[in-house]
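*Asks:* Contents of input.cif (mmCIF, C-alpha atoms):
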```cif
data_entry
#
loop_
_atom_site.label_atom_id
_atom_site.label_comp_id
_atom_site.auth_asym_id
_atom_site.auth_seq_id
_atom_site.Cartn_x
_atom_site.Cartn_y
_atom_site.Cartn_z
CA MET A 1 84.14 196.06 82.29
CA LEU A 2 81.90 193.58 84.11
CA GLY A 3 79.98 192.94 80.92
CA GLY A 4 80.82 190.65 78.03
CA ALA A 5 79.43 187.47 76.50
CA PHE A 6 77.87 184.62 78.51
CA TRP A 7 81.05 182.54 78.48
CA VAL A 8 83.13 185.48 79.69
CA ALA A 9 80.75 185.91 82.63
CA PHE A 10 80.83 182.15 83.21
CA LEU A 11 84.66 182.17 83.32
CA ARG A 12 84.72 185.08 85.77
CA ASN A 13 82.15 183.39 87.99
CA ALA A 14 84.12 180.14 87.87
CA MET A 15 87.32 181.88 88.98
CA GLY A 16 85.46 183.67 91.79
CA ALA A 17 83.89 180.43 93.00
CA VAL A 18 87.27 178.65 92.88
CA LEU A 19 88.84 181.42 94.97
CA VAL A 20 86.17 181.50 97.70
CA LEU A 21 85.57 177.75 97.94
CA ALA A 22 89.26 176.83 97.72
CA VAL A 23 90.20 179.33 100.45
CA PHE A 24 87.48 177.91 102.69
CA LEU A 25 88.40 174.27 101.99
CA LEU A 26 92.11 174.87 102.59
CA LEU A 27 91.30 176.32 106.03
CA ASP A 28 88.56 173.86 106.93
CA ARG A 29 88.07 170.45 108.53
CA PRO A 30 85.16 169.00 106.52
CA ARG A 31 82.41 166.85 108.01
CA VAL A 32 83.16 164.13 105.45
CA ALA A 33 86.35 162.60 104.03
CA MET A 34 88.50 165.01 102.03
CA LYS A 35 87.96 163.27 98.67
CA LYS A 36 84.20 163.31 99.13
CA ALA A 37 84.36 166.93 100.31
CA VAL A 38 86.29 167.98 97.18
CA LEU A 39 83.68 166.27 95.01
CA CYS A 40 80.86 168.05 96.86
CA TYR A 41 82.61 171.40 96.46
CA LEU A 42 83.10 170.79 92.72
CA VAL A 43 79.44 169.89 92.18
CA PHE A 44 78.16 172.82 94.21
CA GLY A 45 80.66 175.18 92.55
CA LEU A 46 79.43 174.20 89.07
CA LEU A 47 75.81 174.67 90.13
CA ALA A 48 76.56 178.06 91.69
CA VAL A 49 78.55 179.25 88.67
CA GLY A 50 75.79 178.08 86.33
CA GLY A 51 73.13 179.82 88.42
CA PHE A 52 75.00 183.12 88.57
CA SER A 53 75.73 182.95 84.83
CA VAL A 54 72.05 182.38 84.03
CA TRP A 55 71.20 185.33 86.27
CA TYR A 56 73.67 187.39 84.24
CA MET A 57 71.92 186.46 80.99
CA LEU A 58 68.39 187.07 82.33
CA ASP A 59 68.95 190.38 84.14
CA ARG A 60 72.39 191.81 83.53
CA GLU A 61 71.71 195.08 85.37
CA ALA A 62 70.59 193.37 88.60
CA TYR A 63 73.49 190.94 88.34
CA LEU A 64 76.05 193.75 88.08
CA HIS A 65 74.53 195.50 91.11
CA PHE A 66 73.90 192.61 93.51
CA SER A 67 75.96 189.55 92.49
CA GLY A 68 78.88 190.46 94.77
CA ILE A 69 76.65 190.83 97.84
CA ALA A 70 74.77 187.61 96.98
CA THR A 71 78.03 185.63 96.94
CA PHE A 72 78.34 185.74 100.73
CA PRO A 73 75.04 184.04 101.70
CA VAL A 74 74.97 181.57 98.77
CA LEU A 75 78.49 180.20 99.26
CA GLY A 76 78.45 180.82 103.02
CA ILE A 77 75.47 178.56 103.74
CA PHE A 78 76.99 175.68 101.77
CA CYS A 79 80.44 176.07 103.40
CA CYS A 80 78.97 176.23 106.92
CA LEU A 81 76.99 173.04 106.28
CA MET A 82 80.09 171.24 105.01
CA SER A 83 82.32 172.31 107.90
CA ARG A 84 82.53 170.52 111.24
CA GLY A 85 83.98 173.61 112.88
CA GLY A 86 82.00 176.23 114.77
CA VAL A 87 79.60 178.59 113.01
CA TYR A 88 81.61 181.68 113.95
CA LEU A 89 84.85 180.22 112.64
CA SER A 90 83.12 179.15 109.40
CA LEU A 91 81.76 182.66 108.90
CA TYR A 92 85.25 184.03 109.44
CA LYS A 93 86.68 181.77 106.73
CA ILE A 94 83.94 182.60 104.23
CA ALA A 95 84.44 186.30 105.04
CA VAL A 96 88.12 185.97 104.17
CA GLY A 97 87.22 184.30 100.87
CA VAL A 98 84.64 186.95 99.89
CA TYR A 99 87.05 189.73 100.87
CA LEU A 100 89.77 188.24 98.65
CA LEU A 101 87.21 187.97 95.83
CA SER A 102 86.42 191.68 96.20
CA VAL A 103 90.13 192.53 96.03
CA CYS A 104 90.45 190.28 92.96
CA VAL A 105 87.59 192.06 91.16
CA CYS A 106 89.00 195.52 91.90
CA LEU A 107 92.51 194.55 90.80
CA GLY A 108 91.26 192.94 87.58
CA ILE A 109 89.06 195.85 86.55
CA ASP A 110 91.22 198.82 87.52
CA LEU A 111 94.62 197.40 86.51
CA SER A 112 93.27 196.31 83.11
CA ARG A 113 91.85 199.81 82.55
CA TRP A 114 95.02 201.47 83.78
CA GLY A 115 97.58 199.50 81.77
CA PHE A 116 95.70 197.56 79.08
CA GLY A 117 93.01 199.89 77.80
CA GLY A 118 90.18 198.09 79.56
CA SER A 119 90.78 194.70 77.90
CA ILE A 120 88.43 191.96 79.17
CA TRP A 121 91.09 189.29 78.69
CA ALA A 122 93.64 191.37 80.61
CA ASP A 123 91.09 191.50 83.45
CA ILE A 124 90.74 187.70 83.35
CA VAL A 125 94.52 187.11 83.27
CA ILE A 126 95.06 189.48 86.24
CA ARG A 127 92.36 187.65 88.22
CA PHE A 128 93.89 184.29 87.37
CA LEU A 129 97.35 185.40 88.53
CA PHE A 130 95.95 186.90 91.75
CA ILE A 131 93.95 183.75 92.54
CA SER A 132 97.00 181.55 91.90
CA LEU A 133 99.21 183.62 94.19
CA VAL A 134 96.58 183.73 96.96
CA LEU A 135 95.97 179.97 96.90
CA LEU A 136 99.71 179.29 96.79
CA PHE A 137 100.31 181.56 99.80
CA ILE A 138 97.44 180.01 101.80
CA GLY A 139 98.43 176.44 100.94
CA LYS A 140 102.14 176.84 101.61
CA ARG A 141 102.27 179.28 104.51
CA PHE A 142 99.04 180.60 106.03
CA ARG A 143 97.35 177.18 106.34
CA LYS A 144 99.96 175.96 108.85
CA ILE A 145 99.59 179.09 110.97
CA PHE A 146 95.81 178.84 110.84
CA PHE A 147 95.59 175.19 111.92
CA LYS A 148 98.23 175.72 114.58
CA ASN A 149 95.95 178.30 116.21
CA ILE A 150 92.55 176.94 115.18
CA ASP A 151 91.63 175.87 118.72
CA TYR A 152 92.20 179.40 120.00
CA LEU A 153 90.11 180.88 117.18
CA GLN A 154 87.27 178.41 117.65
CA SER A 155 87.06 179.03 121.37
CA GLU A 156 87.38 182.83 121.22
CA MET A 157 85.30 183.77 118.15
CA ASP A 158 82.08 185.49 119.22
CA LEU A 159 79.09 187.32 117.73
CA PHE A 160 80.66 190.77 118.01
CA SER A 161 83.78 189.81 116.06
CA ILE A 162 81.74 188.11 113.35
CA VAL A 163 79.47 191.15 112.93
CA THR A 164 82.60 193.30 112.59
CA LEU A 165 83.96 190.94 109.93
CA VAL A 166 80.70 190.85 107.99
CA VAL A 167 80.52 194.66 107.99
CA SER A 168 84.11 194.92 106.77
CA VAL A 169 83.44 192.37 104.01
CA ALA A 170 80.26 194.21 103.02
CA ILE A 171 82.28 197.42 102.71
CA ALA A 172 84.86 195.65 100.54
CA ALA A 173 82.13 194.10 98.36
CA LEU A 174 80.43 197.48 97.88
CA ALA A 175 83.77 198.98 96.89
CA ALA A 176 84.20 196.26 94.27
CA TYR A 177 80.62 196.08 92.96
CA TRP A 178 79.29 199.59 93.57
CA PRO A 179 76.64 200.23 90.88
CA ASP A 180 78.07 203.27 89.10
CA GLU A 181 79.97 203.96 85.90
CA ARG A 182 83.32 203.31 87.61
CA GLU A 183 84.96 206.37 86.07
CA PHE A 184 88.67 205.84 85.83
CA SER A 185 90.78 208.18 87.96
CA VAL A 186 93.79 207.83 90.22
CA LEU A 187 91.90 209.39 93.14
CA ARG A 188 89.07 206.87 92.80
CA ILE A 189 91.47 203.92 92.64
CA ILE A 190 93.28 205.15 95.77
CA ARG A 191 89.97 205.57 97.59
CA ILE A 192 88.83 202.04 96.73
CA PHE A 193 92.12 200.43 97.74
CA VAL A 194 92.21 202.40 101.00
CA ILE A 195 88.76 200.95 101.81
CA LEU A 196 89.96 197.45 100.91
CA PHE A 197 93.13 197.92 102.96
CA MET A 198 91.15 199.01 106.02
CA ALA A 199 88.76 196.04 105.66
CA GLY A 200 91.70 193.65 105.35
CA THR A 201 93.43 195.24 108.36
CA ILE A 202 90.28 194.67 110.45
CA GLN A 203 90.26 190.97 109.53
CA TYR A 204 93.98 190.63 110.23
CA LEU A 205 93.69 192.32 113.64
CA ILE A 206 90.69 190.19 114.63
CA PHE A 207 92.60 187.05 113.61
CA HIS A 208 95.61 187.89 115.79
CA LEU A 209 93.49 189.29 118.62
CA HIS A 210 91.64 186.01 119.04
CA ILE A 211 94.88 184.02 118.88
CA HIS A 212 96.32 186.25 121.62
CA LEU A 213 93.16 185.91 123.75
CA GLY A 214 93.14 182.15 123.27
CA LYS A 215 96.78 181.81 124.32
CA GLU A 216 96.14 184.01 127.34
CA GLN A 217 93.19 181.83 128.37
CA ARG A 218 95.30 178.70 127.91
CA LEU A 219 98.10 180.13 130.05
CA GLU A 220 95.60 181.07 132.73
CA ALA A 221 94.19 177.54 132.67
CA GLU A 222 97.69 176.06 132.95
CA LYS A 223 98.41 178.39 135.85
CA GLN A 224 95.31 177.13 137.65
CA LEU A 225 96.38 173.54 137.00
CA MET A 226 99.81 174.30 138.45
CA GLU A 227 98.21 175.78 141.56
CA MET A 228 95.94 172.77 141.90
CA ASN A 229 98.89 170.41 141.45
CA GLU A 230 100.71 172.30 144.19
CA GLN A 231 97.71 171.73 146.45
CA LEU A 232 97.73 168.04 145.54
CA LEU A 233 101.40 167.79 146.43
CA ARG A 234 100.61 169.27 149.84
CA ARG A 235 97.91 166.67 150.38
CA GLN A 236 100.25 163.88 149.27
CA LEU A 237 102.97 165.08 151.63
CA GLU A 238 100.48 165.15 154.48
CA MET A 239 99.30 161.65 153.66
CA ARG A 240 102.90 160.45 153.31
CA GLU A 241 103.76 161.76 156.75
CA LYS A 242 100.76 159.98 158.23
CA ALA A 243 101.63 156.81 156.31
CA GLU A 244 105.16 156.91 157.74
CA GLN A 245 103.73 157.37 161.23
CA LYS A 246 101.43 154.39 160.63
CA ALA A 247 104.37 152.33 159.36
CA VAL A 248 106.39 153.11 162.49
CA LYS A 249 103.42 152.25 164.67
CA LEU A 250 102.82 149.03 162.70
CA ARG A 251 106.46 147.92 163.07
CA HIS A 252 106.25 148.61 166.81
CA ASN A 253 103.00 146.63 167.09
CA VAL A 254 104.41 143.75 165.05
CA LEU A 255 107.50 143.52 167.28
CA ARG A 256 105.43 143.74 170.45
CA ARG A 257 102.95 141.08 169.28
CA TYR A 258 105.80 138.87 168.11
CA LEU A 259 107.23 138.93 171.61
CA LEU A 260 103.80 138.29 173.12
CA ILE A 261 103.15 135.38 170.73
CA GLU A 262 106.57 133.94 171.54
CA GLU A 263 105.87 134.17 175.24
CA SER A 264 102.34 132.74 174.88
CA THR A 265 103.67 129.85 172.80
CA LYS A 266 106.19 128.95 175.47
CA ASN A 267 103.41 129.03 178.08
CA GLY A 268 101.15 126.93 175.85
CA ASP A 269 98.38 129.60 175.83
CA ARG A 270 96.79 128.88 172.47
CA ASP A 271 93.90 131.36 172.84
CA LYS A 272 96.29 134.24 173.43
CA VAL A 273 98.29 133.29 170.34
CA LEU A 274 95.14 133.28 168.17
CA GLU A 275 94.07 136.65 169.59
CA TYR A 276 97.44 138.25 168.82
CA LEU A 277 97.41 136.80 165.29
CA LYS A 278 93.91 138.23 164.75
CA GLN A 279 95.06 141.69 165.87
CA TYR A 280 98.05 141.39 163.56
CA GLY A 281 95.73 140.61 160.63
CA GLU A 282 93.56 143.64 161.43
CA ASP A 283 96.62 145.88 161.37
CA LEU A 284 97.62 144.54 157.96
CA GLU A 285 94.06 145.02 156.63
CA CYS A 286 94.10 148.67 157.71
CA CYS A 287 97.30 149.23 155.74
CA GLU A 288 95.91 147.65 152.55
CA GLU A 289 95.75 150.07 149.61
CA LYS A 290 92.18 150.97 148.68
CA THR A 291 91.02 150.70 145.08
CA VAL A 292 88.10 152.86 143.95
CA CYS A 293 88.45 152.38 140.17
CA GLU A 294 90.91 151.02 137.62
CA ASN A 295 92.05 154.44 136.42
CA ARG A 296 95.20 155.02 138.44
CA ALA A 297 95.12 158.82 138.35
CA VAL A 298 91.48 159.06 139.45
CA ASN A 299 91.95 156.28 142.01
CA GLY A 300 94.95 158.08 143.47
CA ILE A 301 93.24 161.45 143.84
CA LEU A 302 90.10 159.96 145.38
CA ALA A 303 92.13 157.85 147.81
CA ILE A 304 94.12 160.90 148.91
CA TYR A 305 91.02 162.99 149.56
CA GLU A 306 89.17 160.11 151.21
CA GLU A 307 92.03 159.81 153.69
CA TYR A 308 92.16 163.58 154.08
CA ALA A 309 88.39 163.72 154.78
CA ARG A 310 88.68 160.91 157.31
CA SER A 311 91.47 162.79 159.10
CA ARG A 312 88.98 165.67 159.47
CA ASP A 313 86.37 163.33 160.92
CA ILE A 314 84.21 163.43 157.76
CA ARG A 315 82.32 160.39 156.51
CA MET A 316 82.80 159.93 152.77
CA THR A 317 81.23 157.61 150.18
CA MET A 318 82.42 157.16 146.61
CA GLU A 319 80.70 155.47 143.70
CA VAL A 320 82.89 155.39 140.60
CA HIS A 321 81.91 153.87 137.24
CA MET A 322 85.10 154.23 135.23
CA ALA A 323 87.98 152.16 133.96
CA GLY A 324 90.84 152.95 131.60
CA GLU A 325 91.29 156.29 129.85
CA PRO A 326 88.74 159.01 130.70
CA GLY A 327 88.63 160.53 127.19
CA PHE A 328 90.53 163.76 127.87
CA ARG A 329 93.63 164.88 129.77
CA GLU A 330 93.90 163.12 133.10
CA MET A 331 95.55 166.22 134.54
CA ASP A 332 92.39 168.25 133.87
CA LEU A 333 90.13 165.57 135.35
CA VAL A 334 92.30 165.19 138.46
CA ALA A 335 92.38 168.98 138.94
CA LEU A 336 88.59 169.18 138.59
CA LEU A 337 87.99 166.37 141.10
CA ALA A 338 90.50 167.92 143.50
CA THR A 339 88.76 171.31 143.23
CA ILE A 340 85.36 169.77 143.97
CA LEU A 341 86.67 167.77 146.94
CA GLU A 342 88.69 170.69 148.33
CA ASN A 343 85.51 172.75 148.23
CA ALA A 344 83.46 169.95 149.84
CA ILE A 345 85.94 169.35 152.68
CA GLY A 346 86.21 173.08 153.36
CA LEU A 347 82.41 173.35 153.55
CA CYS A 348 82.16 170.39 155.89
CA VAL A 349 84.83 171.72 158.25
CA ASP A 350 83.29 175.22 158.30
CA SER A 351 79.75 173.90 158.77
CA GLY A 352 80.15 173.25 162.50
CA GLU A 353 77.90 170.21 162.22
CA ALA A 354 78.53 167.13 164.36
CA GLU A 355 77.70 164.73 161.52
CA ARG A 356 79.59 165.68 158.37
CA TYR A 357 79.28 163.82 155.10
CA ILE A 358 80.59 163.88 151.51
CA GLY A 359 79.10 161.78 148.71
CA MET A 360 80.98 161.53 145.40
CA SER A 361 79.99 159.73 142.19
CA VAL A 362 81.52 159.53 138.70
CA ALA A 363 79.70 157.85 135.81
CA PHE A 364 79.47 157.80 132.00
CA LYS A 365 76.30 158.14 129.95
CA SER A 366 75.98 158.67 126.16
CA HIS A 367 79.52 160.02 125.63
CA LYS A 368 79.19 162.23 128.67
CA MET A 369 80.89 162.11 132.03
CA VAL A 370 78.70 162.98 135.01
CA ILE A 371 80.33 164.02 138.29
CA GLN A 372 78.09 164.56 141.30
CA CYS A 373 79.03 165.60 144.80
CA GLN A 374 77.03 166.51 147.86
CA CYS A 375 78.39 167.63 151.20
CA THR A 376 77.39 169.10 154.53
CA CYS A 377 77.49 172.89 154.64
CA GLY A 378 76.70 175.70 157.08
CA ILE A 379 73.43 177.58 157.33
CA ASN A 380 74.90 180.78 155.82
CA VAL A 381 76.34 179.16 152.68
CA SER A 382 74.93 180.34 149.33
CA GLU A 383 75.81 179.80 145.68
CA GLU A 384 76.74 183.50 145.39
CA GLY A 385 79.16 183.27 148.29
CA LEU A 386 80.82 180.21 146.82
CA GLY A 387 81.12 181.90 143.44
CA ASN A 388 82.93 184.84 145.05
CA GLY A 389 85.47 182.49 146.63
CA GLU A 390 84.30 183.09 150.21
CA ILE A 391 84.78 179.45 151.24
CA LYS A 392 88.28 178.84 152.61
CA THR A 393 89.86 175.42 152.45
CA TRP A 394 92.78 174.15 154.47
CA LYS A 395 96.31 175.54 154.06
CA GLY A 396 94.97 178.93 152.97
CA SER A 397 93.79 177.82 149.51
CA ARG A 398 90.43 178.70 148.03
CA ALA A 399 88.01 176.63 145.97
CA GLY A 400 84.53 177.78 144.99
CA VAL A 401 81.80 177.58 142.39
CA SER A 402 83.67 179.90 140.00
CA ASP A 403 86.75 177.65 140.00
CA ILE A 404 84.68 174.56 139.20
CA ALA A 405 82.67 176.35 136.49
CA ARG A 406 85.85 177.71 134.89
CA ALA A 407 87.43 174.25 134.73
CA VAL A 408 84.26 172.72 133.23
CA SER A 409 83.91 175.45 130.59
CA ARG A 410 87.14 174.30 128.94
CA TYR A 411 85.28 171.14 127.86
CA ASN A 412 82.02 172.89 126.90
CA GLY A 413 80.44 171.24 129.91
CA GLU A 414 77.59 172.20 132.20
CA THR A 415 77.40 172.80 135.94
CA ASP A 416 74.58 172.86 138.44
CA PHE A 417 74.92 174.11 142.03
CA ARG A 418 72.24 173.96 144.71
CA VAL A 419 72.01 174.48 148.46
CA GLY A 420 69.27 173.00 150.63
CA ASN A 421 68.83 171.63 154.17
CA HIS A 422 72.46 172.29 155.08
CA VAL A 423 73.62 170.27 152.05
CA PHE A 424 75.52 171.67 149.07
CA TYR A 425 75.01 169.86 145.73
CA VAL A 426 77.37 169.98 142.74
CA ARG A 427 76.58 168.36 139.38
CA VAL A 428 79.07 168.52 136.49
CA LEU A 429 78.46 167.29 132.94
CA LEU A 430 81.49 166.92 130.63
CA ASN A 431 81.18 166.22 126.91
CA LEU A 432 83.55 163.51 125.70
CA PRO A 433 84.72 163.07 122.08
CA GLN A 434 82.05 161.24 120.08
CA GLU A 435 84.56 158.98 118.33
CA ARG A 436 86.06 157.71 121.59
CA GLU A 437 84.55 154.68 123.26
CA VAL A 438 84.93 154.64 127.01
CA THR A 439 85.05 151.39 128.88
CA VAL A 440 83.10 151.59 132.12
CA GLN A 441 83.12 149.39 135.10
CA THR A 442 80.90 149.51 138.14
CA GLY A 443 82.59 149.51 141.49
CA LEU A 444 81.13 150.73 144.77
CA ARG A 445 83.34 151.48 147.72
CA VAL A 446 81.99 153.06 150.90
CA TYR A 447 84.48 154.23 153.48
CA ARG A 448 83.54 155.62 156.88
CA ALA A 449 85.75 157.55 159.24
CA ASP A 450 86.47 155.77 162.47
CA ARG A 451 85.69 158.50 164.98
CA ALA A 452 87.23 156.54 167.80
CA LYS A 453 90.60 156.62 166.01
CA ALA A 454 90.33 160.12 164.51
#
```
Mind turning the file's structure into structure tokens?

*Replies:*
Amino acid sequence: MLGGAFWVAFLRNAMGAVLVLAVFLLLDRPRVAMKKAVLCYLVFGLLAVGGFSVWYMLDREAYLHFSGIATFPVLGIFCCLMSRGGVYLSLYKIAVGVYLLSVCVCLGIDLSRWGFGGSIWADIVIRFLFISLVLLFIGKRFRKIFFKNIDYLQSEMDLFSIVTLVVSVAIAALAAYWPDEREFSVLRIIRIFVILFMAGTIQYLIFHLHIHLGKEQRLEAEKQLMEMNEQLLRRQLEMREKAEQKAVKLRHNVLRRYLLIEESTKNGDRDKVLEYLKQYGEDLECCEEKTVCENRAVNGILAIYEEYARSRDIRMTMEVHMAGEPGFREMDLVALLATILENAIGLCVDSGEAERYIGMSVAFKSHKMVIQCQCTCGINVSEEGLGNGEIKTWKGSRAGVSDIARAVSRYNGETDFRVGNHVFYVRVLLNLPQEREVTVQTGLRVYRADRAKA
């Protein structure tokens, strides 16, 4: 059944290549423009079909035994190189294509023998109809579902799942291309299709399992953001209460100095008037809103925590090189900065040191955002303790190394934590999208807590 003239083998190979490559391309985001990608797939498909057909003419026996297994690495390497998705996701898509090819071969051979007396052309027509239906289903229905969940798949696919898929595809390929006489019997057909059904079920379950895991991770991340936003609201309420107290005090001071200036003016005491005006200017300067950077969200969070640190008698410096959009969700960046600063303030307060300090810097370099923070910590602080959430922050919340590392992992970033000489160091590296240009601006603001007023 797998025999025939050269052109028959060429036609079968062409249909197999169309099935595998088209399935992959429909589910892929190519590295190049779609028109150029289609051209590359056509050229490679013709070369692959020609090569397999020549192999068929030179050594038909070896071709019949090993061509199905050889399809996976030959087409897989090309598809992985053309895709800009992850390696694991690319292997999953090529596994789906090879599995469908195995099902196509089994259907063509066994149905043509069962109902058409083993006709070669019946085999070809059955394959053509199967390929058309598969590509129509993927293009019209499955493609939308796949791209809707592609982020979950790309983040959750791992080595274990890919090995499972490759084994299932190998089983399906052996069922389709097993080197025997393929004696026709109902029992044999049932056995082959049970194997194919089990292999397909494994792929289907892995597909939905990773979607479920991805959604669960996303919900967990959103839950953490909600908790962090709740903490931010607490900080904002605290700062608002203090701002209202300052406003009341300022109004009282303004009224009192107004009366003093009025009295000094009547008495002709010019020096007293100038002194009261100078004090009034100092009060206004203290109430001036501080600007760390042009990004409003980042500026707001840093200003809140700078004020919060100062209320705890902690000296804080900030060096921020950023303006405009950060390159990813501001909510995630604000939550990450808040987590780092919550951790730093908690460490400073628990350190018991007389001189407590926090240094914070944010900068961009080669499409990467670098966040660094160092703070005073106690003698018993260790990276392991922080990772286990042993450091308590104010209002009963917790923020440790594990929380920071978990937030950074969502952007495929890197973290570095060190402790030395009663100082805890945090370094975070976030990868920004390559196509996005980030405008940076240098601005250095150093604020020190006034211990006399704290």

*Asks:* Go through the shown structure with the PyMOL selection byres ((chain A and resi 112) around 12) and write out the matching residues as JSON, numbers by chain.

*Replies:* {"A": [1, 2, 104, 105, 106, 107, 108, 109, 110, 111, 113, 114, 115, 116, 117, 118, 119, 120, 121, 122, 123, 124, 125, 126, 127, 184]}

*Asks:* Let me make sure I understand: among A:Ile206, A:Val298, A:Val23, A:Ile69, which one has the smallest atom-to-atom distance to Ser102 (chain A) if we use only C-alpha atoms?

*Replies:* A:Ile69

*Asks:* Find, counting only C-alpha atoms, the residue in A:Asn299, A:Ser53, A:Thr201, A:Ser90 that gets nearest to Ile150 (chain A).

*Replies:* A:Ser90

*Asks:* Report the residues retrieved by the PyMOL selection byres ((chain A and resi 154) around 8) from the displayed file, expressed as a VMD selection string.

*Replies:* chain A and resid 85 to 86 88 to 89 150 to 153 155 to 157

*Asks:* Selection from above, C-alpha atoms, as an mmCIF file, keeping the file's coordinate frame, can you write it?

*Replies:*
```cif
data_model
loop_
_atom_site.group_PDB
_atom_site.id
_atom_site.type_symbol
_atom_site.label_atom_id
_atom_site.label_comp_id
_atom_site.auth_asym_id
_atom_site.auth_seq_id
_atom_site.Cartn_x
_atom_site.Cartn_y
_atom_site.Cartn_z
ATOM 1 C CA GLY A 85 83.980 173.610 112.880
ATOM 2 C CA GLY A 86 82.000 176.230 114.770
ATOM 3 C CA TYR A 88 81.610 181.680 113.950
ATOM 4 C CA LEU A 89 84.850 180.220 112.640
ATOM 5 C CA ILE A 150 92.550 176.940 115.180
ATOM 6 C CA ASP A 151 91.630 175.870 118.720
ATOM 7 C CA TYR A 152 92.200 179.400 120.000
ATOM 8 C CA LEU A 153 90.110 180.880 117.180
ATOM 9 C CA SER A 155 87.060 179.030 121.370
ATOM 10 C CA GLU A 156 87.380 182.830 121.220
ATOM 11 C CA MET A 157 85.300 183.770 118.150
#
```

*Asks:* Would you work out the distance separating CA of Gly68 (chain A) from CA of Ala48 (chain A), expressed in Å to one decimal?

*Replies:*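 Going from CA of Gly68 (chain A) over to CA of Ala48 (chain A) covers 13.0 Å.
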
*Asks:* Mind pulling up the distance from CA of Asn149 (chain A) to CA of Leu337 (chain A)?

*Replies:*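 CA of Asn149 (chain A) lies at a distance of 28.7 Å from CA of Leu337 (chain A).
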
*Asks:* Name the residues that the PyMOL selection byres ((chain A and resi 196) around 12) picks from the file above, as a PyMOL selection string, using the file's chain letters and numbers.

*Replies:* chain A and resi 98-107+168-176+189-195+197-203

*Asks:* So which one's closest to Asp350 (chain A), A:Cys40, A:His422, A:Lys148, A:Ala335? Using only C-alpha atoms, please.

*Replies:*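 Closest candidate: A:His422.
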
*Asks:* Could you rebuild region 299-312 of chain A with N, CA and C atoms and give it back as a PDB file, in the coordinates of the input?

*Replies:*
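Final output, saved to part-v6.pdb:
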```
ATOM      1  N   ASN A 299      91.904 157.056 140.770  1.00  0.00           N
ATOM      2  CA  ASN A 299      91.950 156.280 142.010  1.00  0.00           C
ATOM      3  C   ASN A 299      92.870 156.946 143.036  1.00  0.00           C
ATOM      4  N   GLY A 300      94.017 157.451 142.560  1.00  0.00           N
ATOM      5  CA  GLY A 300      94.950 158.080 143.470  1.00  0.00           C
ATOM      6  C   GLY A 300      94.396 159.340 144.105  1.00  0.00           C
ATOM      7  N   ILE A 301      93.748 160.195 143.296  1.00  0.00           N
ATOM      8  CA  ILE A 301      93.240 161.450 143.840  1.00  0.00           C
ATOM      9  C   ILE A 301      92.094 161.201 144.805  1.00  0.00           C
ATOM     10  N   LEU A 302      91.214 160.251 144.479  1.00  0.00           N
ATOM     11  CA  LEU A 302      90.100 159.960 145.380  1.00  0.00           C
ATOM     12  C   LEU A 302      90.582 159.333 146.683  1.00  0.00           C
ATOM     13  N   ALA A 303      91.591 158.469 146.590  1.00  0.00           N
ATOM     14  CA  ALA A 303      92.130 157.850 147.810  1.00  0.00           C
ATOM     15  C   ALA A 303      92.768 158.894 148.714  1.00  0.00           C
ATOM     16  N   ILE A 304      93.485 159.848 148.114  1.00  0.00           N
ATOM     17  CA  ILE A 304      94.120 160.900 148.910  1.00  0.00           C
ATOM     18  C   ILE A 304      93.077 161.724 149.652  1.00  0.00           C
ATOM     19  N   TYR A 305      92.022 162.137 148.930  1.00  0.00           N
ATOM     20  CA  TYR A 305      91.020 162.990 149.560  1.00  0.00           C
ATOM     21  C   TYR A 305      90.101 162.212 150.496  1.00  0.00           C
ATOM     22  N   GLU A 306      89.936 160.912 150.258  1.00  0.00           N
ATOM     23  CA  GLU A 306      89.170 160.110 151.210  1.00  0.00           C
ATOM     24  C   GLU A 306      89.913 160.043 152.548  1.00  0.00           C
ATOM     25  N   GLU A 307      91.218 159.840 152.478  1.00  0.00           N
ATOM     26  CA  GLU A 307      92.030 159.810 153.690  1.00  0.00           C
ATOM     27  C   GLU A 307      92.061 161.179 154.361  1.00  0.00           C
ATOM     28  N   TYR A 308      92.141 162.221 153.544  1.00  0.00           N
ATOM     29  CA  TYR A 308      92.160 163.580 154.080  1.00  0.00           C
ATOM     30  C   TYR A 308      90.839 163.910 154.779  1.00  0.00           C
ATOM     31  N   ALA A 309      89.706 163.495 154.163  1.00  0.00           N
ATOM     32  CA  ALA A 309      88.390 163.720 154.780  1.00  0.00           C
ATOM     33  C   ALA A 309      88.282 162.947 156.092  1.00  0.00           C
ATOM     34  N   ARG A 310      88.753 161.715 156.100  1.00  0.00           N
ATOM     35  CA  ARG A 310      88.680 160.910 157.310  1.00  0.00           C
ATOM     36  C   ARG A 310      89.511 161.529 158.433  1.00  0.00           C
ATOM     37  N   SER A 311      90.656 162.144 158.079  1.00  0.00           N
ATOM     38  CA  SER A 311      91.470 162.790 159.100  1.00  0.00           C
ATOM     39  C   SER A 311      90.763 164.005 159.697  1.00  0.00           C
ATOM     40  N   ARG A 312      89.775 164.553 158.963  1.00  0.00           N
ATOM     41  CA  ARG A 312      88.980 165.670 159.470  1.00  0.00           C
ATOM     42  C   ARG A 312      87.666 165.204 160.072  1.00  0.00           C
TER      43      ARG A 312
END
```
